[in-house]
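Shown next, in structure tokens, is the structure this report addresses.
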Amino acid sequence: MTAALRHLRCFVEVAVWQSVSKAALQLNVSQSALTLTLQQLEASIGVRLFDRTTRTLLLTAAGEEFLPTARRLLEDFDSALGKMRALGARTRGHVSISVVPSIMALVIPQVLGKFMKSHPGVSVHLQEDSSDAAEERVLKREADFGITSPLNRLSNLRYTPLFDDQFAVLFAKGHPLTKLRRVRWIDLEPYQIIGFSQSSRLAMQLRQMPSSDMPENVRNPSCQVSHTATIESLINQGLGICALPSLSAKRVPLNKLQCRLLEDPTCHRQMCLVQPDQRSLTPAAEALLELMLQEIPRSARAEGVRMLI
């Protein structure tokens with residue numbers, strides 16, 4: 001018979017109390033069952049562990065040598081079990097997420113404050129990435145999940161749509177576009193366009209639009225940047241206008257700039273939750289995701305945004 005954890009617990013308890021009757025009370029078992037368990041353990045390892053007298057059980061030399069090991073095994077098992085229970089209870093662990101900048105700025109601060117208060121034992125690693133980088137991190141298990149704008153969906157990732165985000169145009173106050181009741185894509189043709197870098201998902205999405213719907217200066221802007229903050233500065237200097245998703249425009253202080261939705265055609269960016277297709281989240285990651293899904297409909301509201309959750 002193979003020795004099991006219950007055999008070790010019984011052995012340690014009897015060694016402490018030096019009595020089957022007292023140990024049986026502590027373990028909530030009958031004396032006969034405890035005696036049988038000790039006999040099974042001794043038979044399994046092939047040595048006598050106790051010298052028995054009429055009143056007490058004293059450890060043999062082999063029992064004295066075995067006791068520290070048995071205690072350590074039980075402590076290690078109980079510690080590991082406690083850690084797993086803490087993970088299941090979401091009181092400890094580690095979460096890593098990868099999020100595009102607009103979500104990082106508008107949603108994460110509110111979510112993280114609530115999460116750190118309710119889960120003080122969980123560490124969080126936030127990574128602000130492009131959509132490509134976010135998907136790559138999830139694939140490589142560098143992030144538990146991501147929030148991205150997918151262009152070509154990967155087969156080994158699972159995408160859950162969160163919201164659609166209509167494109168808008170950002171321009172300085174006093175710009176001629178201010179006079180238009182509706183702003184169409186074709187209305188951008190006369191102006192200098194500040195666009196995102198050609199490798200970005202936003203630039204690729206605009207280039208995929210039919211040329212009849214999208215002016216050439218929007219498809220291939222002469223000025224390209226990587227960050228919304230840079231776009232804001234350039235527009236403030238009167239160096240051009242920018243077509244970007246309305247939620248990204250929400251990040252920009254509009255005391256000096258104006259934002260109008262673009263029409264004819266309406267063009268949307270879809271934001272998705274990205275997870276590994278065949279891997280479940282840790283309890284801590286599930287807890288953070290639950291908070292994010294509750295917060296997104298509140299924090300990601302803007303003209304042109306349509307919630308899908």
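Going through the structure tokens in order, the chains are called A, B, and so on, while each chain numbers its residues from 1 and the ligands are numbered from 1 in the order shown.
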Contacts of Ala285 in chain A at 8 Å (only C-alpha atoms; same-chain gap of 6+ positions) as an MDAnalysis selection string: chainID A and resid 94:96 144
Range 222-227 of chain A: which residues within 8 Å, counting only C-alpha atoms, same-chain residues fewer than 6 positions away excluded, as a CSV table (one decimal) with C-alpha atoms, in the first residue's frame?
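So part.csv came out as:
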```
chain,number,residue,atom,x,y,z
A,192,GLN,CA,-3.1,69.4,-45.1
A,193,ILE,CA,-3.6,66.0,-43.4
A,194,ILE,CA,-1.7,64.8,-40.3
A,195,GLY,CA,-2.0,61.1,-40.3
A,196,PHE,CA,-0.9,58.1,-38.3
A,197,SER,CA,2.2,56.1,-39.4
A,198,GLN,CA,1.6,53.9,-42.4
```
Could you pull out the strand (DSSP E or B) residues of range 109-149 of chain A, going by DSSP on the backbone, and write them as an mmCIF file with N, CA and C atoms, in the first residue's frame?
```
data_model
loop_
_atom_site.group_PDB
_atom_site.id
_atom_site.type_symbol
_atom_site.label_atom_id
_atom_site.label_comp_id
_atom_site.auth_asym_id
_atom_site.auth_seq_id
_atom_site.Cartn_x
_atom_site.Cartn_y
_atom_site.Cartn_z
ATOM 1 N N VAL A 122 -2.905 41.254 -5.450
ATOM 2 C CA VAL A 122 -2.670 40.936 -6.862
ATOM 3 C C VAL A 122 -1.831 42.042 -7.497
ATOM 4 N N SER A 123 -0.733 41.670 -8.141
ATOM 5 C CA SER A 123 0.089 42.643 -8.866
ATOM 6 C C SER A 123 -0.390 42.729 -10.311
ATOM 7 N N VAL A 124 -0.312 43.931 -10.885
ATOM 8 C CA VAL A 124 -0.814 44.184 -12.236
ATOM 9 C C VAL A 124 0.289 44.803 -13.080
ATOM 10 N N HIS A 125 0.483 44.250 -14.271
ATOM 11 C CA HIS A 125 1.440 44.795 -15.235
ATOM 12 C C HIS A 125 0.659 45.330 -16.429
ATOM 13 N N LEU A 126 0.682 46.642 -16.623
ATOM 14 C CA LEU A 126 -0.027 47.283 -17.728
ATOM 15 C C LEU A 126 0.946 47.582 -18.856
ATOM 16 N N GLN A 127 0.556 47.201 -20.074
ATOM 17 C CA GLN A 127 1.397 47.453 -21.239
ATOM 18 C C GLN A 127 0.587 48.210 -22.286
ATOM 19 N N GLU A 128 1.019 49.424 -22.604
ATOM 20 C CA GLU A 128 0.352 50.245 -23.605
ATOM 21 C C GLU A 128 0.987 49.942 -24.953
ATOM 22 N N PHE A 145 -4.619 39.009 -21.405
ATOM 23 C CA PHE A 145 -5.581 39.391 -22.444
ATOM 24 C C PHE A 145 -5.224 40.779 -22.946
ATOM 25 N N GLY A 146 -5.830 41.173 -24.043
ATOM 26 C CA GLY A 146 -5.565 42.487 -24.613
ATOM 27 C C GLY A 146 -6.842 43.130 -25.115
ATOM 28 N N ILE A 147 -6.781 44.429 -25.343
ATOM 29 C CA ILE A 147 -7.871 45.151 -26.001
ATOM 30 C C ILE A 147 -7.269 45.855 -27.200
ATOM 31 N N THR A 148 -7.721 45.466 -28.393
ATOM 32 C CA THR A 148 -7.090 45.905 -29.625
ATOM 33 C C THR A 148 -8.134 46.223 -30.688
#
```
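Shortest atom-to-atom contact with Leu57 in chain A among A:Thr178, A:Thr160, A:Gln18, A:Asn217: A:Gln18, counting only C-alpha atoms.
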Distance of CA of His268 in chain A from CA of Leu234 in chain A, expressed in Å to one decimal place: 24.1 Å
